[in-house]
Amino acid sequence: MKRTTILSLALLLSMPMMAQRTTSISLNPAEAKDKINKEIYGQFAEHLGTCIYGGLWVGPESSIPNTNGYRNDVLQALKDIKVPVMRWPGGCFADEYHWMDGIGPKENRPRMVNNNWGGTVEDNSFGTHEFLNLCEMLGCEPYVSMNMGSGSPEETAKWVEYMTAKDGPMAKLRKQNGREEPWKVKYIGVGNESWGCGGNMRIEYYSDLYRRYSTYCREFNGNRLYKIASGASDYDYNWTEVAMKQIGNRMNGLSLHYYTCYTWNGSKGSATNFNKDQYYWTIAKCGVGIEEVLKKHIAIMDEYDPRNHVKLLVDEWGTWWDEEPGSVRGHLYQQNTMRDAMVAAVSLNTFHQYTKRIGMTNIAQIANVLQSMVLTKGDKMVLTPTYYVFKMYTDNMEAINIPLYTISDTFKAENEQKGSPERVAPYVSASASKAKDGTVNINLANADLDNSNKVTIDLATIKGKIQKATILTSKDMKDHNTFEKPNVVAPANFKGATIKDGNKK
């Protein structure tokens with residue numbers, strides 16, 4: 001496999017010169033109006049495998065360098081990508097989690113079996129205080145998922161009160177556990193995957209249950225809640241339609257889950273051993289595939305909510321491959337290659353185009369699970385190619401999306417799975433934004449395994465100079481970082497971009 005490239009610019013950049021293909025992009029700054037919500041770069045941390053224990057949290061007694069139990073290396077890595085929001089405690093785990101088991105002196109907290117993910121026994125040392133304090137340390141918004149599957153409205157009501165009230169019995173209990181002032185908690189998820197692991201409900205039943213549970217998610221002391229309903233998986237457009245009809249403006253957001261994997265004969269495929277056809281199918285599914293899904297769900301939401309009150313939240317997305325050989329079954333530990341980085345770039349470029357309706361996305365997951373930012377092993381940590389995409393794209397947060405038009409060669413992709421649709425996708429994916437200080441950011445991803453690409457960008461009325469240009473590339477799309485070789489894939493400065501006659505090349 002030949003070189004492929006992901007490019008991110010603070011202002012302007014192109015693919016390597018001497019290209020066999022050409023792409024032209026036209027920016028339309030006059031039509032720029034929709035903000036790219038920083039929450040589109042959100043993260044997801046579930047009690048799954050070693051995402052929490054060993055990934056984020058090692059405990060204050062650990063020999064691994066930590067601050068109050070949080071790994072110092074992971075903390076710094078997450079600060080560097082400016083994590084805007086973190087979803088917790090699940091996922092499927094949320095609907096079996098009883099929050100009172102995770103408060104008070106750690107030696108008194110009961111142990112529990114994680115029935116969803118490998119039967120792992122957890123000691124509940126990471127609970128409400130540990131999560132919300134972590135969010136404060138990172139400067140990010142907490143997104144807390146309530147237990148609707150096996151919990152009760154009373155349990156939900158008391159949890160919200162415990163976290164956000166100044167006075168009352170739950171506030172008193174919180175103060176006894178060492179936290180005097182309430183936390184600011186904005187995002188509340190009312191159930192998770194209620195069509196599956198969250199209770200195997202019908203949407204009609206879930207809609208009524210949401211109305212009941214959300215009633216008891218009360219607001220205290222000016223803390224305004226943003227209530228999120230459990231939404232559809234992939235192509236279940238009926239779920240979205242019924243939710244919009246029966247829940248409507250009682251919710252602030254409706255979730256959507258969309259994973260990219262290559263399923264064949266019961267396998268999702270290897271994270272590191274894949275062929276060219278599997279690679280291109282993956283890129284098409286995370287690009288034109290997710291765009292088709294977004295358009296259809298958004299069209300339904302537009303019909304019932306023309307004023308755009310209810311946002312679409314893709315609060316689980318990313319690649320899902322077979323677990324790494326030798327890892328614990330049910331822990332969903334997978335490696336992270338340049339292919340995953342390409343998925344991240346193409347997906348984020350797509351999300352930018354629909355930010356008018358998309359209020360948040362949360363890649364799954366932040367550490368050691370699925371398409372993670374970091375991998376840890378003992379006292380070692382490695383940054384993944386996906387992490388570097390998020391770091392390269394941070395300048396897009398809160399910037400205004402600049403609509404663009406791309407003319408690029410395309411490829412056809414088809415999964416061997418019977419009935420899987422053939423998709424036609426462009427080799428080059430792009431997005432652009434304008435920050436508050438006037439800086440224009442252009443993000444390019446060339447998915448072509450065999451050819452470099454000369455990209456010419458018509459800047460229209462934009463004038464300026466190139467401030468910085470960063471490239472993430474590797475000789476092989478299977479390349480990845482390991483604990484032994486942590487810098488195989490890493491970003492570098494790019495000097496191949498020029499401005500000529502008002503165009504960028």
# chains A, B, ... in the order shown; residues from 1 in each chain; ligands from 1
call {"tool": "residues_around", "arguments": {"residues": "A:Thr406", "least_positions_apart": "3", "cutoff": "9 Å", "atoms": "only C-alpha atoms", "output": "count of residues only"}}
result
9
call {"tool": "select_by_dssp", "arguments": {"residues": "stretch 234-364 of chain A", "states": "alpha helix (DSSP H)", "output": "mmCIF file with N, CA, C and O atoms, in the first residue's frame"}}
result
data_model
loop_
_atom_site.group_PDB
_atom_site.id
_atom_site.type_symbol
_atom_site.label_atom_id
_atom_site.label_comp_id
_atom_site.auth_asym_id
_atom_site.auth_seq_id
_atom_site.Cartn_x
_atom_site.Cartn_y
_atom_site.Cartn_z
ATOM 1 N N TYR A 237 -35.154 4.695 10.984
ATOM 2 C CA TYR A 237 -35.752 6.019 10.830
ATOM 3 C C TYR A 237 -37.113 6.101 11.514
ATOM 4 O O TYR A 237 -37.546 7.184 11.912
ATOM 5 N N ASN A 238 -37.776 4.958 11.690
ATOM 6 C CA ASN A 238 -39.055 4.957 12.406
ATOM 7 C C ASN A 238 -38.868 5.391 13.853
ATOM 8 O O ASN A 238 -39.717 6.098 14.409
ATOM 9 N N TRP A 239 -37.744 4.982 14.470
ATOM 10 C CA TRP A 239 -37.488 5.376 15.859
ATOM 11 C C TRP A 239 -37.426 6.900 15.968
ATOM 12 O O TRP A 239 -38.025 7.502 16.865
ATOM 13 N N THR A 240 -36.727 7.513 15.037
ATOM 14 C CA THR A 240 -36.610 8.972 15.061
ATOM 15 C C THR A 240 -37.961 9.632 14.849
ATOM 16 O O THR A 240 -38.316 10.605 15.538
ATOM 17 N N GLU A 241 -38.739 9.116 13.913
ATOM 18 C CA GLU A 241 -40.030 9.739 13.612
ATOM 19 C C GLU A 241 -40.993 9.652 14.794
ATOM 20 O O GLU A 241 -41.636 10.647 15.166
ATOM 21 N N VAL A 242 -41.085 8.495 15.406
ATOM 22 C CA VAL A 242 -41.989 8.343 16.549
ATOM 23 C C VAL A 242 -41.505 9.191 17.723
ATOM 24 O O VAL A 242 -42.308 9.827 18.420
ATOM 25 N N ALA A 243 -40.202 9.247 17.940
ATOM 26 C CA ALA A 243 -39.665 10.069 19.035
ATOM 27 C C ALA A 243 -39.996 11.542 18.806
ATOM 28 O O ALA A 243 -40.372 12.256 19.747
ATOM 29 N N MET A 244 -39.851 11.997 17.582
ATOM 30 C CA MET A 244 -40.166 13.399 17.299
ATOM 31 C C MET A 244 -41.649 13.681 17.494
ATOM 32 O O MET A 244 -42.031 14.767 17.955
ATOM 33 N N LYS A 245 -42.499 12.719 17.162
ATOM 34 C CA LYS A 245 -43.938 12.910 17.329
ATOM 35 C C LYS A 245 -44.368 12.825 18.785
ATOM 36 O O LYS A 245 -45.179 13.631 19.257
ATOM 37 N N GLN A 246 -43.850 11.852 19.530
ATOM 38 C CA GLN A 246 -44.370 11.589 20.871
ATOM 39 C C GLN A 246 -43.593 12.289 21.983
ATOM 40 O O GLN A 246 -44.127 12.511 23.064
ATOM 41 N N LYS A 276 -7.208 -4.112 0.516
ATOM 42 C CA LYS A 276 -7.566 -2.838 -0.106
ATOM 43 C C LYS A 276 -9.080 -2.660 -0.221
ATOM 44 O O LYS A 276 -9.619 -1.577 0.029
ATOM 45 N N ASP A 277 -9.790 -3.741 -0.584
ATOM 46 C CA ASP A 277 -11.249 -3.642 -0.706
ATOM 47 C C ASP A 277 -11.890 -3.323 0.636
ATOM 48 O O ASP A 277 -12.837 -2.528 0.716
ATOM 49 N N GLN A 278 -11.406 -3.974 1.695
ATOM 50 C CA GLN A 278 -11.952 -3.701 3.023
ATOM 51 C C GLN A 278 -11.667 -2.258 3.438
ATOM 52 O O GLN A 278 -12.502 -1.600 4.078
ATOM 53 N N TYR A 279 -10.501 -1.774 3.116
ATOM 54 C CA TYR A 279 -10.142 -0.388 3.437
ATOM 55 C C TYR A 279 -11.103 0.592 2.758
ATOM 56 O O TYR A 279 -11.670 1.485 3.415
ATOM 57 N N TYR A 280 -11.313 0.433 1.459
ATOM 58 C CA TYR A 280 -12.156 1.386 0.741
ATOM 59 C C TYR A 280 -13.611 1.292 1.186
ATOM 60 O O TYR A 280 -14.308 2.309 1.266
ATOM 61 N N TRP A 281 -14.072 0.083 1.506
ATOM 62 C CA TRP A 281 -15.438 -0.036 2.005
ATOM 63 C C TRP A 281 -15.593 0.735 3.318
ATOM 64 O O TRP A 281 -16.599 1.403 3.546
ATOM 65 N N THR A 282 -14.576 0.650 4.161
ATOM 66 C CA THR A 282 -14.598 1.365 5.440
ATOM 67 C C THR A 282 -14.691 2.876 5.225
ATOM 68 O O THR A 282 -15.494 3.556 5.870
ATOM 69 N N ILE A 283 -13.888 3.396 4.328
ATOM 70 C CA ILE A 283 -13.889 4.840 4.083
ATOM 71 C C ILE A 283 -15.231 5.287 3.515
ATOM 72 O O ILE A 283 -15.758 6.346 3.879
ATOM 73 N N ALA A 284 -15.804 4.487 2.636
ATOM 74 C CA ALA A 284 -17.101 4.845 2.067
ATOM 75 C C ALA A 284 -18.201 4.825 3.126
ATOM 76 O O ALA A 284 -19.090 5.678 3.135
ATOM 77 N N ILE A 290 -22.400 7.490 6.268
ATOM 78 C CA ILE A 290 -22.971 8.221 7.400
ATOM 79 C C ILE A 290 -23.695 9.471 6.921
ATOM 80 O O ILE A 290 -24.692 9.891 7.533
ATOM 81 N N GLU A 291 -23.256 10.053 5.815
ATOM 82 C CA GLU A 291 -23.950 11.243 5.311
ATOM 83 C C GLU A 291 -25.371 10.906 4.876
ATOM 84 O O GLU A 291 -26.310 11.662 5.144
ATOM 85 N N GLU A 292 -25.545 9.751 4.225
ATOM 86 C CA GLU A 292 -26.889 9.316 3.849
ATOM 87 C C GLU A 292 -27.781 9.164 5.074
ATOM 88 O O GLU A 292 -28.942 9.573 5.086
ATOM 89 N N VAL A 293 -27.227 8.560 6.130
ATOM 90 C CA VAL A 293 -27.988 8.344 7.363
ATOM 91 C C VAL A 293 -28.335 9.682 8.021
ATOM 92 O O VAL A 293 -29.474 9.898 8.458
ATOM 93 N N LEU A 294 -27.353 10.579 8.098
ATOM 94 C CA LEU A 294 -27.605 11.886 8.699
ATOM 95 C C LEU A 294 -28.705 12.635 7.950
ATOM 96 O O LEU A 294 -29.611 13.214 8.565
ATOM 97 N N LYS A 295 -28.640 12.637 6.640
ATOM 98 C CA LYS A 295 -29.636 13.358 5.843
ATOM 99 C C LYS A 295 -31.046 12.859 6.126
ATOM 100 O O LYS A 295 -31.989 13.654 6.258
ATOM 101 N N LYS A 296 -31.211 11.542 6.212
ATOM 102 C CA LYS A 296 -32.549 10.979 6.407
ATOM 103 C C LYS A 296 -33.079 11.269 7.808
ATOM 104 O O LYS A 296 -34.259 11.619 7.977
ATOM 105 N N HIS A 297 -32.244 11.131 8.824
ATOM 106 C CA HIS A 297 -32.703 11.443 10.182
ATOM 107 C C HIS A 297 -32.985 12.942 10.312
ATOM 108 O O HIS A 297 -33.975 13.343 10.937
ATOM 109 N N ILE A 298 -32.131 13.772 9.737
ATOM 110 C CA ILE A 298 -32.319 15.221 9.821
ATOM 111 C C ILE A 298 -33.581 15.643 9.079
ATOM 112 O O ILE A 298 -34.314 16.528 9.538
ATOM 113 N N ALA A 299 -33.876 15.016 7.949
ATOM 114 C CA ALA A 299 -35.090 15.353 7.201
ATOM 115 C C ALA A 299 -36.336 15.095 8.045
ATOM 116 O O ALA A 299 -37.290 15.890 8.030
ATOM 117 N N ILE A 300 -36.335 13.987 8.784
ATOM 118 C CA ILE A 300 -37.469 13.693 9.673
ATOM 119 C C ILE A 300 -37.557 14.736 10.772
ATOM 120 O O ILE A 300 -38.646 15.253 11.086
ATOM 121 N N MET A 301 -36.416 15.080 11.362
ATOM 122 C CA MET A 301 -36.418 16.078 12.433
ATOM 123 C C MET A 301 -36.853 17.444 11.915
ATOM 124 O O MET A 301 -37.575 18.184 12.595
ATOM 125 N N ASP A 302 -36.446 17.785 10.708
ATOM 126 C CA ASP A 302 -36.848 19.068 10.116
ATOM 127 C C ASP A 302 -38.357 19.142 9.926
ATOM 128 O O ASP A 302 -38.970 20.208 10.089
ATOM 129 N N GLU A 303 -38.958 18.012 9.581
ATOM 130 C CA GLU A 303 -40.401 17.988 9.357
ATOM 131 C C GLU A 303 -41.172 18.298 10.644
ATOM 132 O O GLU A 303 -42.152 19.045 10.632
ATOM 133 N N TYR A 304 -40.728 17.723 11.758
ATOM 134 C CA TYR A 304 -41.447 17.893 13.017
ATOM 135 C C TYR A 304 -40.908 19.057 13.847
ATOM 136 O O TYR A 304 -41.581 19.512 14.781
ATOM 137 N N MET A 338 -3.623 3.973 10.615
ATOM 138 C CA MET A 338 -3.900 5.127 9.763
ATOM 139 C C MET A 338 -5.285 5.032 9.131
ATOM 140 O O MET A 338 -5.897 6.038 8.813
ATOM 141 N N ARG A 339 -5.791 3.808 8.942
ATOM 142 C CA ARG A 339 -7.157 3.665 8.445
ATOM 143 C C ARG A 339 -8.140 4.290 9.420
ATOM 144 O O ARG A 339 -9.092 4.998 9.009
ATOM 145 N N ASP A 340 -7.941 4.077 10.705
ATOM 146 C CA ASP A 340 -8.823 4.673 11.710
ATOM 147 C C ASP A 340 -8.708 6.195 11.703
ATOM 148 O O ASP A 340 -9.699 6.906 11.873
ATOM 149 N N ALA A 341 -7.485 6.683 11.519
ATOM 150 C CA ALA A 341 -7.295 8.130 11.433
ATOM 151 C C ALA A 341 -8.066 8.706 10.251
ATOM 152 O O ALA A 341 -8.680 9.781 10.344
ATOM 153 N N MET A 342 -8.053 7.987 9.133
ATOM 154 C CA MET A 342 -8.792 8.436 7.959
ATOM 155 C C MET A 342 -10.293 8.451 8.244
ATOM 156 O O MET A 342 -11.011 9.374 7.838
ATOM 157 N N VAL A 343 -10.779 7.444 8.952
ATOM 158 C CA VAL A 343 -12.194 7.412 9.340
ATOM 159 C C VAL A 343 -12.536 8.637 10.191
ATOM 160 O O VAL A 343 -13.573 9.279 9.999
ATOM 161 N N ALA A 344 -11.665 8.965 11.131
ATOM 162 C CA ALA A 344 -11.917 10.127 11.993
ATOM 163 C C ALA A 344 -11.983 11.408 11.171
ATOM 164 O O ALA A 344 -12.890 12.229 11.345
ATOM 165 N N ALA A 345 -11.029 11.603 10.260
ATOM 166 C CA ALA A 345 -10.985 12.823 9.470
ATOM 167 C C ALA A 345 -12.195 12.949 8.554
ATOM 168 O O ALA A 345 -12.836 14.007 8.477
ATOM 169 N N VAL A 346 -12.521 11.867 7.854
ATOM 170 C CA VAL A 346 -13.661 11.896 6.935
ATOM 171 C C VAL A 346 -14.964 12.122 7.698
ATOM 172 O O VAL A 346 -15.841 12.886 7.270
ATOM 173 N N SER A 347 -15.111 11.462 8.846
ATOM 174 C CA SER A 347 -16.329 11.624 9.653
ATOM 175 C C SER A 347 -16.469 13.053 10.160
ATOM 176 O O SER A 347 -17.554 13.656 10.077
ATOM 177 N N LEU A 348 -15.393 13.616 10.702
ATOM 178 C CA LEU A 348 -15.452 14.986 11.207
ATOM 179 C C LEU A 348 -15.736 15.969 10.083
ATOM 180 O O LEU A 348 -16.511 16.936 10.255
ATOM 181 N N ASN A 349 -15.131 15.763 8.909
ATOM 182 C CA ASN A 349 -15.434 16.630 7.772
ATOM 183 C C ASN A 349 -16.919 16.583 7.431
ATOM 184 O O ASN A 349 -17.519 17.598 7.064
ATOM 185 N N THR A 350 -17.513 15.396 7.544
ATOM 186 C CA THR A 350 -18.946 15.241 7.264
ATOM 187 C C THR A 350 -19.792 15.923 8.331
ATOM 188 O O THR A 350 -20.755 16.632 8.021
ATOM 189 N N PHE A 351 -19.442 15.722 9.609
ATOM 190 C CA PHE A 351 -20.203 16.353 10.688
ATOM 191 C C PHE A 351 -20.226 17.872 10.536
ATOM 192 O O PHE A 351 -21.233 18.524 10.833
ATOM 193 N N HIS A 352 -19.112 18.447 10.084
ATOM 194 C CA HIS A 352 -19.054 19.905 9.927
ATOM 195 C C HIS A 352 -20.144 20.423 9.001
ATOM 196 O O HIS A 352 -20.653 21.538 9.191
ATOM 197 N N GLN A 353 -20.504 19.631 8.005
ATOM 198 C CA GLN A 353 -21.473 20.094 7.012
ATOM 199 C C GLN A 353 -22.903 20.148 7.572
ATOM 200 O O GLN A 353 -23.767 20.796 6.987
#
call {"tool": "atom_distance", "arguments": {"atom1": "atom CA of A:Ala77", "atom2": "atom CA of A:Leu383"}}
result
8.0 Å
call {"tool": "atom_distance", "arguments": {"atom1": "atom CA of A:Tyr387", "atom2": "atom CA of A:Val288"}}
result
22.6 Å
call {"tool": "closest_residue", "arguments": {"among": "A:Glu122, A:Asn249, A:Tyr258, A:Met381", "to": "A:Glu484", "atoms": "only C-alpha atoms"}}
result
A:Met381
call {"tool": "closest_residue", "arguments": {"among": "A:Met477, A:Met360, A:Leu254, A:Val369", "to": "A:Asp322", "atoms": "only C-alpha atoms"}}
result
A:Val369
call {"tool": "atom_distance", "arguments": {"atom1": "atom CA of A:Gly289", "atom2": "atom CA of A:Leu256"}}
result
14.0 Å
call {"tool": "select_by_dssp", "arguments": {"residues": "stretch 33-86 of chain A", "states": "strand (DSSP E)", "output": "JSON, numbers by chain"}}
result
{"A": [42, 43, 44, 66, 67, 70, 71, 85, 86]}
call {"tool": "closest_residue", "arguments": {"among": "A:Ala165, A:Ala94, A:Ala447, A:Ile407", "to": "A:Gly222", "atoms": "only C-alpha atoms"}}
result
A:Ala165
call {"tool": "residues_around", "arguments": {"residues": "A:Thr384", "least_positions_apart": "6", "cutoff": "7 Å", "atoms": "only C-alpha atoms", "output": "PDB file with N, CA and C atoms, in the first residue's frame"}}
result
ATOM      1  N   ASN A 336      -5.154   0.808  16.530  1.00  0.00           N
ATOM      2  CA  ASN A 336      -5.641   2.015  15.882  1.00  0.00           C
ATOM      3  C   ASN A 336      -4.630   2.396  14.803  1.00  0.00           C
ATOM      4  N   MET A 373      -8.461   7.377  21.806  1.00  0.00           N
ATOM      5  CA  MET A 373      -7.455   8.431  21.718  1.00  0.00           C
ATOM      6  C   MET A 373      -6.100   7.944  22.204  1.00  0.00           C
ATOM      7  N   VAL A 374      -6.127   7.165  23.292  1.00  0.00           N
ATOM      8  CA  VAL A 374      -4.879   6.685  23.899  1.00  0.00           C
ATOM      9  C   VAL A 374      -5.008   5.206  24.222  1.00  0.00           C
ATOM     10  N   ASN A 481       0.836   2.879  16.134  1.00  0.00           N
ATOM     11  CA  ASN A 481       1.796   3.114  17.217  1.00  0.00           C
ATOM     12  C   ASN A 481       1.654   2.027  18.283  1.00  0.00           C
TER      13      ASN A 481
END
